[in-house]
>>> print(open('coords.pdb').read())   # PDB, C-alpha atoms, pLDDT in the B column
ATOM      1  CA  MET A1311       8.761   9.961 -18.191  1.00 81.00           C
ATOM      2  CA  LYS A1312       7.137  10.749 -14.846  1.00 95.00           C
ATOM      3  CA  PHE A1313       9.448   9.647 -12.053  1.00 96.00           C
ATOM      4  CA  LEU A1314       6.784   7.732 -10.097  1.00 98.00           C
ATOM      5  CA  GLN A1315       5.428   5.840 -13.114  1.00 97.00           C
ATOM      6  CA  GLY A1316       4.722   2.275 -12.025  1.00 97.00           C
ATOM      7  CA  LYS A1317       4.748   3.104  -8.322  1.00 98.00           C
ATOM      8  CA  VAL A1318       1.818   2.719  -5.914  1.00 98.00           C
ATOM      9  CA  ALA A1319       1.334   5.366  -3.228  1.00 99.00           C
ATOM     10  CA  VAL A1320      -0.984   5.238  -0.218  1.00 98.00           C
ATOM     11  CA  VAL A1321      -1.994   8.523   1.418  1.00 98.00           C
ATOM     12  CA  THR A1322      -3.970   8.683   4.652  1.00 98.00           C
ATOM     13  CA  GLY A1323      -6.236  11.608   5.495  1.00 97.00           C
ATOM     14  CA  ALA A1324      -6.630  12.200   1.760  1.00 98.00           C
ATOM     15  CA  ALA A1325     -10.221  13.423   1.565  1.00 97.00           C
ATOM     16  CA  ARG A1326      -9.230  17.078   1.816  1.00 95.00           C
ATOM     17  CA  GLY A1327      -6.505  19.504   2.847  1.00 94.00           C
ATOM     18  CA  ILE A1328      -2.894  18.324   2.963  1.00 96.00           C
ATOM     19  CA  GLY A1329      -3.699  14.707   2.141  1.00 97.00           C
ATOM     20  CA  ALA A1330      -5.721  15.579  -0.951  1.00 97.00           C
ATOM     21  CA  GLU A1331      -2.929  17.865  -2.197  1.00 97.00           C
ATOM     22  CA  LEU A1332      -0.287  15.184  -1.637  1.00 98.00           C
ATOM     23  CA  ALA A1333      -2.405  12.538  -3.360  1.00 98.00           C
ATOM     24  CA  ARG A1334      -2.804  14.791  -6.405  1.00 98.00           C
ATOM     25  CA  ALA A1335       0.920  15.595  -6.491  1.00 98.00           C
ATOM     26  CA  LEU A1336       1.926  11.928  -6.343  1.00 98.00           C
ATOM     27  CA  ALA A1337      -0.582  11.033  -9.062  1.00 98.00           C
ATOM     28  CA  ALA A1338       0.696  13.874 -11.260  1.00 98.00           C
ATOM     29  CA  GLU A1339       4.109  12.174 -11.189  1.00 98.00           C
ATOM     30  CA  GLY A1340       2.615   8.880 -12.354  1.00 98.00           C
ATOM     31  CA  ALA A1341       1.861   7.005  -9.136  1.00 98.00           C
ATOM     32  CA  ALA A1342      -1.331   5.013  -8.745  1.00 98.00           C
ATOM     33  CA  VAL A1343      -2.785   6.481  -5.553  1.00 98.00           C
ATOM     34  CA  VAL A1344      -4.843   4.895  -2.803  1.00 98.00           C
ATOM     35  CA  ALA A1345      -6.559   7.751  -0.968  1.00 98.00           C
ATOM     36  CA  THR A1346      -7.927   6.750   2.402  1.00 98.00           C
ATOM     37  CA  ASP A1347      -9.716   8.717   5.085  1.00 98.00           C
ATOM     38  CA  ILE A1348     -12.485   8.411   7.646  1.00 97.00           C
ATOM     39  CA  LEU A1349     -14.281  10.773   5.229  1.00 97.00           C
ATOM     40  CA  ASP A1350     -15.281  10.029   1.641  1.00 98.00           C
ATOM     41  CA  CYS A1351     -12.391  10.499  -0.808  1.00 98.00           C
ATOM     42  CA  THR A1352     -14.597  10.722  -3.920  1.00 98.00           C
ATOM     43  CA  ASP A1353     -13.537  14.289  -4.737  1.00 98.00           C
ATOM     44  CA  THR A1354      -9.839  13.474  -4.459  1.00 98.00           C
ATOM     45  CA  VAL A1355     -10.197  10.413  -6.671  1.00 98.00           C
ATOM     46  CA  ALA A1356     -12.288  12.295  -9.228  1.00 98.00           C
ATOM     47  CA  ASN A1357      -9.718  15.081  -9.411  1.00 98.00           C
ATOM     48  CA  ILE A1358      -6.893  12.617 -10.032  1.00 98.00           C
ATOM     49  CA  GLU A1359      -8.852  10.695 -12.645  1.00 98.00           C
ATOM     50  CA  SER A1360      -9.839  13.913 -14.429  1.00 98.00           C
ATOM     51  CA  GLN A1361      -6.119  14.522 -14.975  1.00 97.00           C
ATOM     52  CA  GLY A1362      -5.598  11.045 -16.418  1.00 98.00           C
ATOM     53  CA  GLY A1363      -4.315   9.452 -13.221  1.00 98.00           C
ATOM     54  CA  ARG A1364      -5.308   6.282 -11.412  1.00 98.00           C
ATOM     55  CA  ALA A1365      -6.758   6.349  -7.911  1.00 98.00           C
ATOM     56  CA  LEU A1366      -8.818   4.361  -5.443  1.00 98.00           C
ATOM     57  CA  GLY A1367     -10.697   5.795  -2.485  1.00 98.00           C
ATOM     58  CA  VAL A1368     -11.096   3.723   0.659  1.00 98.00           C
ATOM     59  CA  VAL A1369     -13.056   4.898   3.695  1.00 98.00           C
ATOM     60  CA  GLY A1370     -11.685   3.625   6.990  1.00 98.00           C
ATOM     61  CA  ASP A1371     -10.687   4.541  10.529  1.00 97.00           C
ATOM     62  CA  ILE A1372      -6.911   4.096  10.592  1.00 97.00           C
ATOM     63  CA  SER A1373      -6.884   3.845  14.385  1.00 97.00           C
ATOM     64  CA  SER A1374      -8.635   0.472  13.932  1.00 98.00           C
ATOM     65  CA  PRO A1375      -6.373  -2.538  13.177  1.00 98.00           C
ATOM     66  CA  GLU A1376      -9.188  -4.226  11.257  1.00 98.00           C
ATOM     67  CA  ALA A1377      -9.811  -1.157   9.094  1.00 98.00           C
ATOM     68  CA  VAL A1378      -6.108  -0.758   8.329  1.00 98.00           C
ATOM     69  CA  ALA A1379      -5.835  -4.427   7.325  1.00 98.00           C
ATOM     70  CA  GLU A1380      -8.741  -3.934   4.932  1.00 98.00           C
ATOM     71  CA  ILE A1381      -7.168  -0.811   3.429  1.00 98.00           C
ATOM     72  CA  ALA A1382      -3.909  -2.681   2.819  1.00 98.00           C
ATOM     73  CA  GLU A1383      -5.750  -5.601   1.214  1.00 98.00           C
ATOM     74  CA  ARG A1384      -7.878  -3.420  -1.064  1.00 98.00           C
ATOM     75  CA  SER A1385      -4.838  -1.400  -2.101  1.00 98.00           C
ATOM     76  CA  ASN A1386      -2.931  -4.548  -3.031  1.00 98.00           C
ATOM     77  CA  GLN A1387      -5.879  -5.962  -4.928  1.00 98.00           C
ATOM     78  CA  ALA A1388      -6.366  -2.765  -6.932  1.00 98.00           C
ATOM     79  CA  PHE A1389      -2.799  -1.828  -7.849  1.00 98.00           C
ATOM     80  CA  GLY A1390      -0.401  -4.410  -6.417  1.00 98.00           C
ATOM     81  CA  PRO A1391       2.063  -3.955  -3.558  1.00 98.00           C
ATOM     82  CA  ALA A1392       2.570  -0.389  -2.355  1.00 98.00           C
ATOM     83  CA  HIS A1393       5.877   1.445  -2.758  1.00 98.00           C
ATOM     84  CA  ILE A1394       5.053   4.666  -0.903  1.00 98.00           C
ATOM     85  CA  LEU A1395       3.151   5.276   2.334  1.00 99.00           C
ATOM     86  CA  VAL A1396       2.357   8.835   3.378  1.00 98.00           C
ATOM     87  CA  ASN A1397       0.988   8.928   6.911  1.00 98.00           C
ATOM     88  CA  ASN A1398      -0.773  12.265   6.862  1.00 97.00           C
ATOM     89  CA  ALA A1399      -4.016  11.716   8.785  1.00 96.00           C
ATOM     90  CA  GLY A1400      -4.135  13.466  12.121  1.00 93.00           C
ATOM     91  CA  LEU A1401      -6.486  14.808  14.733  1.00 90.00           C
ATOM     92  CA  HIS A1402      -6.131  18.536  15.222  1.00 79.00           C
ATOM     93  CA  PRO A1403      -6.621  19.405  18.871  1.00 67.00           C
ATOM     94  CA  ASN A1404      -9.070  21.755  20.477  1.00 82.00           C
ATOM     95  CA  PRO A1405      -6.587  23.824  22.477  1.00 86.00           C
ATOM     96  CA  MET A1406      -7.229  23.567  26.203  1.00 92.00           C
ATOM     97  CA  PRO A1407      -5.206  23.832  29.403  1.00 95.00           C
ATOM     98  CA  PHE A1408      -3.557  20.649  30.648  1.00 96.00           C
ATOM     99  CA  GLU A1409      -5.724  20.497  33.775  1.00 97.00           C
ATOM    100  CA  ASP A1410      -8.891  20.522  31.650  1.00 96.00           C
ATOM    101  CA  LEU A1411      -7.891  17.531  29.512  1.00 96.00           C
ATOM    102  CA  THR A1412      -9.755  14.258  29.795  1.00 96.00           C
ATOM    103  CA  PHE A1413      -8.041  10.910  29.429  1.00 97.00           C
ATOM    104  CA  GLU A1414     -10.496  10.003  26.675  1.00 95.00           C
ATOM    105  CA  TYR A1415      -9.474  13.054  24.638  1.00 94.00           C
ATOM    106  CA  TRP A1416      -5.816  12.270  25.239  1.00 96.00           C
ATOM    107  CA  LYS A1417      -6.255   8.646  24.114  1.00 96.00           C
ATOM    108  CA  ARG A1418      -8.187   9.596  20.967  1.00 96.00           C
ATOM    109  CA  THR A1419      -5.553  12.137  19.916  1.00 96.00           C
ATOM    110  CA  VAL A1420      -2.722   9.652  20.413  1.00 97.00           C
ATOM    111  CA  ALA A1421      -4.702   6.892  18.681  1.00 98.00           C
ATOM    112  CA  VAL A1422      -5.161   8.916  15.498  1.00 97.00           C
ATOM    113  CA  ASN A1423      -1.844  10.783  15.447  1.00 97.00           C
ATOM    114  CA  LEU A1424       0.533   8.036  16.546  1.00 98.00           C
ATOM    115  CA  ASP A1425      -1.029   4.595  17.014  1.00 98.00           C
ATOM    116  CA  ALA A1426      -2.498   4.746  13.517  1.00 98.00           C
ATOM    117  CA  MET A1427       0.955   5.298  11.999  1.00 98.00           C
ATOM    118  CA  PHE A1428       2.241   2.179  13.752  1.00 98.00           C
ATOM    119  CA  LEU A1429      -0.714   0.235  12.345  1.00 98.00           C
ATOM    120  CA  THR A1430      -0.330   1.458   8.765  1.00 98.00           C
ATOM    121  CA  ILE A1431       3.439   0.966   8.718  1.00 98.00           C
ATOM    122  CA  GLN A1432       3.106  -2.563  10.047  1.00 98.00           C
ATOM    123  CA  ALA A1433       0.315  -3.379   7.579  1.00 98.00           C
ATOM    124  CA  PHE A1434       2.115  -2.067   4.493  1.00 98.00           C
ATOM    125  CA  LEU A1435       5.668  -3.098   5.378  1.00 98.00           C
ATOM    126  CA  PRO A1436       5.344  -6.564   3.757  1.00 98.00           C
ATOM    127  CA  GLN A1437       4.270  -4.898   0.501  1.00 98.00           C
ATOM    128  CA  LEU A1438       7.196  -2.461   0.529  1.00 98.00           C
ATOM    129  CA  LYS A1439       9.606  -5.290   1.309  1.00 98.00           C
ATOM    130  CA  ALA A1440       8.170  -7.343  -1.549  1.00 97.00           C
ATOM    131  CA  ASN A1441       9.021  -4.493  -3.919  1.00 97.00           C
ATOM    132  CA  GLY A1442      12.558  -4.163  -2.559  1.00 97.00           C
ATOM    133  CA  TRP A1443      12.095  -0.373  -2.492  1.00 98.00           C
ATOM    134  CA  GLY A1444      10.019   1.849  -0.292  1.00 98.00           C
ATOM    135  CA  ARG A1445       9.369   5.314   1.023  1.00 98.00           C
ATOM    136  CA  ILE A1446       7.505   5.974   4.272  1.00 99.00           C
ATOM    137  CA  ILE A1447       6.795   9.617   5.073  1.00 98.00           C
ATOM    138  CA  ASN A1448       5.110  10.615   8.317  1.00 98.00           C
ATOM    139  CA  ILE A1449       3.663  14.057   8.947  1.00 98.00           C
ATOM    140  CA  SER A1450       4.882  15.348  12.299  1.00 97.00           C
ATOM    141  CA  SER A1451       4.696  19.004  13.395  1.00 94.00           C
ATOM    142  CA  SER A1452       6.887  21.979  14.235  1.00 93.00           C
ATOM    143  CA  SER A1453       4.922  22.103  17.492  1.00 91.00           C
ATOM    144  CA  VAL A1454       7.268  19.402  18.793  1.00 93.00           C
ATOM    145  CA  ASN A1455      10.011  22.051  18.933  1.00 90.00           C
ATOM    146  CA  VAL A1456       7.877  25.124  19.567  1.00 87.00           C
ATOM    147  CA  ALA A1457       5.568  23.458  22.154  1.00 90.00           C
ATOM    148  CA  PRO A1458       2.724  25.989  22.086  1.00 88.00           C
ATOM    149  CA  PRO A1459       0.492  26.159  25.178  1.00 89.00           C
ATOM    150  CA  ASN A1460      -2.750  24.204  25.548  1.00 91.00           C
ATOM    151  CA  GLY A1461      -1.774  21.457  23.115  1.00 92.00           C
ATOM    152  CA  ALA A1462      -0.228  18.701  25.222  1.00 95.00           C
ATOM    153  CA  PRO A1463      -1.883  15.677  23.520  1.00 96.00           C
ATOM    154  CA  TYR A1464      -1.054  16.975  20.046  1.00 95.00           C
ATOM    155  CA  VAL A1465       2.540  17.910  20.866  1.00 95.00           C
ATOM    156  CA  ALA A1466       3.193  14.633  22.666  1.00 97.00           C
ATOM    157  CA  SER A1467       1.694  12.510  19.888  1.00 97.00           C
ATOM    158  CA  LYS A1468       3.670  14.356  17.195  1.00 97.00           C
ATOM    159  CA  ALA A1469       6.873  13.935  19.205  1.00 97.00           C
ATOM    160  CA  GLY A1470       6.042  10.239  19.196  1.00 98.00           C
ATOM    161  CA  VAL A1471       5.838  10.363  15.392  1.00 98.00           C
ATOM    162  CA  VAL A1472       9.442  11.564  15.270  1.00 98.00           C
ATOM    163  CA  GLY A1473      10.543   8.740  17.565  1.00 98.00           C
ATOM    164  CA  LEU A1474       8.620   6.151  15.557  1.00 98.00           C
ATOM    165  CA  THR A1475      10.166   7.486  12.357  1.00 98.00           C
ATOM    166  CA  ARG A1476      13.697   7.125  13.691  1.00 98.00           C
ATOM    167  CA  ALA A1477      13.087   3.645  15.100  1.00 98.00           C
ATOM    168  CA  ALA A1478      11.528   2.387  11.874  1.00 98.00           C
ATOM    169  CA  ALA A1479      14.326   3.914   9.793  1.00 98.00           C
ATOM    170  CA  THR A1480      16.857   1.971  11.851  1.00 98.00           C
ATOM    171  CA  GLU A1481      15.159  -1.337  11.079  1.00 98.00           C
ATOM    172  CA  PHE A1482      14.031  -0.825   7.480  1.00 98.00           C
ATOM    173  CA  GLY A1483      17.148   0.572   5.807  1.00 98.00           C
ATOM    174  CA  LYS A1484      18.442  -2.907   4.975  1.00 98.00           C
ATOM    175  CA  TYR A1485      15.347  -3.392   2.794  1.00 98.00           C
ATOM    176  CA  ASP A1486      15.986  -0.166   0.815  1.00 98.00           C
ATOM    177  CA  ILE A1487      13.059   1.435   2.594  1.00 98.00           C
ATOM    178  CA  THR A1488      13.582   4.968   3.878  1.00 98.00           C
ATOM    179  CA  VAL A1489      11.489   6.457   6.673  1.00 98.00           C
ATOM    180  CA  ASN A1490      11.325  10.199   7.257  1.00 98.00           C
ATOM    181  CA  SER A1491       8.979  12.687   8.857  1.00 98.00           C
ATOM    182  CA  VAL A1492       8.061  16.179   7.702  1.00 98.00           C
ATOM    183  CA  ALA A1493       7.203  18.872  10.239  1.00 96.00           C
ATOM    184  CA  PRO A1494       4.991  21.737   9.039  1.00 95.00           C
ATOM    185  CA  ASN A1495       3.800  24.785  10.874  1.00 92.00           C
ATOM    186  CA  PRO A1496      -0.022  25.140  11.088  1.00 89.00           C
ATOM    187  CA  VAL A1497      -1.402  24.725   7.578  1.00 91.00           C
ATOM    188  CA  ARG A1498      -4.545  26.454   6.363  1.00 89.00           C
ATOM    189  CA  THR A1499      -6.873  23.511   5.725  1.00 81.00           C
ATOM    190  CA  PRO A1500     -10.548  22.708   6.375  1.00 73.00           C
ATOM    191  CA  GLY A1501      -9.466  20.628   9.364  1.00 65.00           C
ATOM    192  CA  ALA A1502      -7.506  23.464  10.961  1.00 62.00           C
ATOM    193  CA  ASP A1503      -9.947  26.280  10.285  1.00 53.00           C
ATOM    194  CA  GLY A1504     -12.097  25.403  13.297  1.00 62.00           C
ATOM    195  CA  ALA A1505      -9.158  25.365  15.694  1.00 69.00           C
ATOM    196  CA  ILE A1506      -6.998  28.229  14.405  1.00 80.00           C
ATOM    197  CA  SER A1507      -8.376  31.674  13.632  1.00 83.00           C
ATOM    198  CA  GLU A1508      -7.221  33.713  10.668  1.00 88.00           C
ATOM    199  CA  ASP A1509      -5.656  36.207  13.081  1.00 89.00           C
ATOM    200  CA  MET A1510      -3.616  33.375  14.610  1.00 88.00           C
ATOM    201  CA  PHE A1511      -2.544  32.121  11.164  1.00 88.00           C
ATOM    202  CA  GLN A1512      -1.304  35.619  10.357  1.00 93.00           C
ATOM    203  CA  PHE A1513       0.429  35.973  13.723  1.00 91.00           C
ATOM    204  CA  ILE A1514       2.285  32.685  13.204  1.00 88.00           C
ATOM    205  CA  ALA A1515       3.258  33.686   9.668  1.00 90.00           C
ATOM    206  CA  GLN A1516       4.833  36.895  10.903  1.00 93.00           C
ATOM    207  CA  MET A1517       7.119  34.900  13.216  1.00 90.00           C
ATOM    208  CA  GLN A1518       8.498  32.936  10.268  1.00 91.00           C
ATOM    209  CA  PRO A1519      11.435  34.135   8.147  1.00 92.00           C
ATOM    210  CA  ILE A1520       9.138  33.417   5.195  1.00 93.00           C
ATOM    211  CA  PRO A1521       6.106  35.402   6.405  1.00 94.00           C
ATOM    212  CA  LYS A1522       3.359  33.479   4.607  1.00 94.00           C
ATOM    213  CA  VAL A1523       0.562  31.304   5.935  1.00 94.00           C
ATOM    214  CA  MET A1524       1.318  27.686   5.089  1.00 93.00           C
ATOM    215  CA  GLU A1525      -0.850  26.046   2.444  1.00 94.00           C
ATOM    216  CA  PRO A1526      -0.972  22.330   1.531  1.00 94.00           C
ATOM    217  CA  LYS A1527       0.997  23.009  -1.668  1.00 95.00           C
ATOM    218  CA  HIS A1528       4.018  24.044   0.425  1.00 95.00           C
ATOM    219  CA  LEU A1529       4.490  20.434   1.575  1.00 96.00           C
ATOM    220  CA  ALA A1530       4.074  18.714  -1.775  1.00 97.00           C
ATOM    221  CA  GLY A1531       7.543  19.432  -3.155  1.00 96.00           C
ATOM    222  CA  THR A1532       9.302  18.020  -0.088  1.00 97.00           C
ATOM    223  CA  ILE A1533       7.170  14.881  -0.117  1.00 98.00           C
ATOM    224  CA  LEU A1534       7.873  14.316  -3.799  1.00 98.00           C
ATOM    225  CA  PHE A1535      11.612  14.809  -3.276  1.00 98.00           C
ATOM    226  CA  LEU A1536      11.662  12.195  -0.523  1.00 98.00           C
ATOM    227  CA  CYS A1537      10.079   9.754  -2.984  1.00 98.00           C
ATOM    228  CA  THR A1538      12.848  10.189  -5.560  1.00 96.00           C
ATOM    229  CA  ASP A1539      15.919   8.022  -6.024  1.00 94.00           C
ATOM    230  CA  GLY A1540      17.886  11.170  -5.245  1.00 96.00           C
ATOM    231  CA  ALA A1541      16.702  10.884  -1.641  1.00 98.00           C
ATOM    232  CA  GLU A1542      17.782   7.260  -1.257  1.00 97.00           C
ATOM    233  CA  PHE A1543      20.379   8.101   1.422  1.00 98.00           C
ATOM    234  CA  ILE A1544      18.067  10.245   3.570  1.00 98.00           C
ATOM    235  CA  THR A1545      16.356   8.337   6.346  1.00 98.00           C
ATOM    236  CA  GLY A1546      15.409   8.806   9.992  1.00 98.00           C
ATOM    237  CA  GLN A1547      15.122  12.568   9.541  1.00 98.00           C
ATOM    238  CA  ASN A1548      12.502  15.047  10.703  1.00 97.00           C
ATOM    239  CA  LEU A1549      12.489  17.784   8.055  1.00 96.00           C
ATOM    240  CA  HIS A1550      11.045  21.138   9.063  1.00 95.00           C
ATOM    241  CA  VAL A1551       8.945  22.641   6.292  1.00 95.00           C
ATOM    242  CA  ASP A1552       7.632  25.599   8.246  1.00 92.00           C
ATOM    243  CA  GLY A1553       8.809  28.825   6.668  1.00 92.00           C
ATOM    244  CA  GLY A1554      11.893  28.722   8.879  1.00 91.00           C
ATOM    245  CA  MET A1555      10.039  28.774  12.199  1.00 90.00           C
ATOM    246  CA  VAL A1556      12.325  26.106  13.649  1.00 87.00           C
ATOM    247  CA  ARG A1557      16.002  26.712  12.973  1.00 83.00           C
ATOM    248  CA  ALA A1558      17.932  23.930  14.685  1.00 63.00           C
ATOM    249  CA  GLY A1559      20.774  21.589  13.894  1.00 49.00           C
TER     250      GLY A1559
END
>>> encode(input="coords.pdb", output="structure tokens")
Amino acid sequence: MKFLQGKVAVVTGAARGIGAELARALAAEGAAVVATDILDCTDTVANIESQGGRALGVVGDISSPEAVAEIAERSNQAFGPAHILVNNAGLHPNPMPFEDLTFEYWKRTVAVNLDAMFLTIQAFLPQLKANGWGRIINISSSSVNVAPPNGAPYVASKAGVVGLTRAAATEFGKYDITVNSVAPNPVRTPGADGAISEDMFQFIAQMQPIPKVMEPKHLAGTILFLCTDGAEFITGQNLHVDGGMVRAG
């Protein structure tokens, strides 16, 4: 039997790239998946359904409280209360020096990368509590430790994800809800292609003990593990899945 049979998983930023891969992986293990994105998730849903899975696509801006409330309601109506929330959606920055940043760009990056996770966690928490079992997984970034130049809004917002993860884990453990974050290195996706050149991908890969460019599939196994009963005593952690780029205790 598939280990997520009977579970409902919500994945943000699921139209393409990492989110689409994670949605497919969760569905392959039996979860009914709600794929949400500011973009159309038709392809993700069609792929899952072609493999015999169940999925719902919902278009919405997760930095909007009203949109998030609608996503939570439609998810509940379609499949019942959610068990798993994967906060994957993020705004990849256009690298620029600190002195060239505008406050509007800063606010938009933080709104999508951090504020939206607060909104989705708060919206879906009652559903996870109703089930008496839950997994919340937030996508952070190895950039929090590496702190590359010209990425202040991104690095700061992803550091906030780690803090939010730890704070939520502290409060939710008594409900049998774990909260963890996963920190990848730059991943080759449609969203990153415009900001990171192939030469830069290769340069980063060569700094890793595992000298390969990260692909969305490299995150799927870790996400699935965190959704298992075997991970029931892991919470408040920021797991680096980055080819060994960050090696810290």
>>> residues_near_point(input="coords.pdb", point="(5.7, 2.3, 2.0)", cutoff="12 Å", atoms="all atoms listed in the file", output="ChimeraX atom specification")
/A:1317-1322,1344,1382,1385,1391-1397,1427,1430-1448,1478-1479,1482,1485-1490,1536-1537
>>> atom_distance(input="coords.pdb", atom1="CA of Ala1377 (chain A)", atom2="CA of Asn1398 (chain A)")
16.3 Å
>>> residues_near_point(input="coords.pdb", point="(3.7, 1.1, -15.4)", cutoff="10 Å", atoms="only C-alpha atoms", output="list in words")
Leu1314, Gln1315, Gly1316, Lys1317, Val1318, Gly1340, Ala1341 and Ala1342 of chain A
>>> write_last_selection(input="coords.pdb", atoms="C-alpha atoms", output="PDB file, keeping the file's coordinate frame")
ATOM      1  CA  LEU A1314       6.784   7.732 -10.097  1.00 98.00           C
ATOM      2  CA  GLN A1315       5.428   5.840 -13.114  1.00 97.00           C
ATOM      3  CA  GLY A1316       4.722   2.275 -12.025  1.00 97.00           C
ATOM      4  CA  LYS A1317       4.748   3.104  -8.322  1.00 98.00           C
ATOM      5  CA  VAL A1318       1.818   2.719  -5.914  1.00 98.00           C
ATOM      6  CA  GLY A1340       2.615   8.880 -12.354  1.00 98.00           C
ATOM      7  CA  ALA A1341       1.861   7.005  -9.136  1.00 98.00           C
ATOM      8  CA  ALA A1342      -1.331   5.013  -8.745  1.00 98.00           C
TER       9      ALA A1342
END
>>> resolve_selection(input="coords.pdb", expression="the PyMOL selection byres ((chain A and resi 1522-1524) around 12)", output="JSON, numbers by chain")
{"A": [1327, 1328, 1493, 1494, 1495, 1496, 1497, 1498, 1499, 1502, 1506, 1507, 1508, 1509, 1510, 1511, 1512, 1513, 1514, 1515, 1516, 1517, 1518, 1519, 1520, 1521, 1525, 1526, 1527, 1528, 1529, 1530, 1551, 1552, 1553, 1554, 1555]}
>>> resolve_selection(input="coords.pdb", expression="the PyMOL selection byres ((chain A and resi 1372) around 9)", output="JSON, numbers by chain")
{"A": [1322, 1346, 1347, 1348, 1370, 1371, 1373, 1374, 1375, 1376, 1377, 1378, 1381, 1399, 1421, 1422, 1425, 1426, 1427, 1429, 1430]}
>>> write_last_selection(input="coords.pdb", atoms="C-alpha atoms", output="mmCIF file, keeping the file's coordinate frame")
data_model
loop_
_atom_site.group_PDB
_atom_site.id
_atom_site.type_symbol
_atom_site.label_atom_id
_atom_site.label_comp_id
_atom_site.auth_asym_id
_atom_site.auth_seq_id
_atom_site.Cartn_x
_atom_site.Cartn_y
_atom_site.Cartn_z
ATOM 1 C CA THR A 1322 -3.970 8.683 4.652
ATOM 2 C CA THR A 1346 -7.927 6.750 2.402
ATOM 3 C CA ASP A 1347 -9.716 8.717 5.085
ATOM 4 C CA ILE A 1348 -12.485 8.411 7.646
ATOM 5 C CA GLY A 1370 -11.685 3.625 6.990
ATOM 6 C CA ASP A 1371 -10.687 4.541 10.529
ATOM 7 C CA SER A 1373 -6.884 3.845 14.385
ATOM 8 C CA SER A 1374 -8.635 0.472 13.932
ATOM 9 C CA PRO A 1375 -6.373 -2.538 13.177
ATOM 10 C CA GLU A 1376 -9.188 -4.226 11.257
ATOM 11 C CA ALA A 1377 -9.811 -1.157 9.094
ATOM 12 C CA VAL A 1378 -6.108 -0.758 8.329
ATOM 13 C CA ILE A 1381 -7.168 -0.811 3.429
ATOM 14 C CA ALA A 1399 -4.016 11.716 8.785
ATOM 15 C CA ALA A 1421 -4.702 6.892 18.681
ATOM 16 C CA VAL A 1422 -5.161 8.916 15.498
ATOM 17 C CA ASP A 1425 -1.029 4.595 17.014
ATOM 18 C CA ALA A 1426 -2.498 4.746 13.517
ATOM 19 C CA MET A 1427 0.955 5.298 11.999
ATOM 20 C CA LEU A 1429 -0.714 0.235 12.345
ATOM 21 C CA THR A 1430 -0.330 1.458 8.765
#
>>> closest_residue(input="coords.pdb", among="A:Leu1424, A:Val1471, A:Thr1480, A:Pro1405", to="Pro1459 (chain A)", atoms="all atoms listed in the file")
A:Pro1405
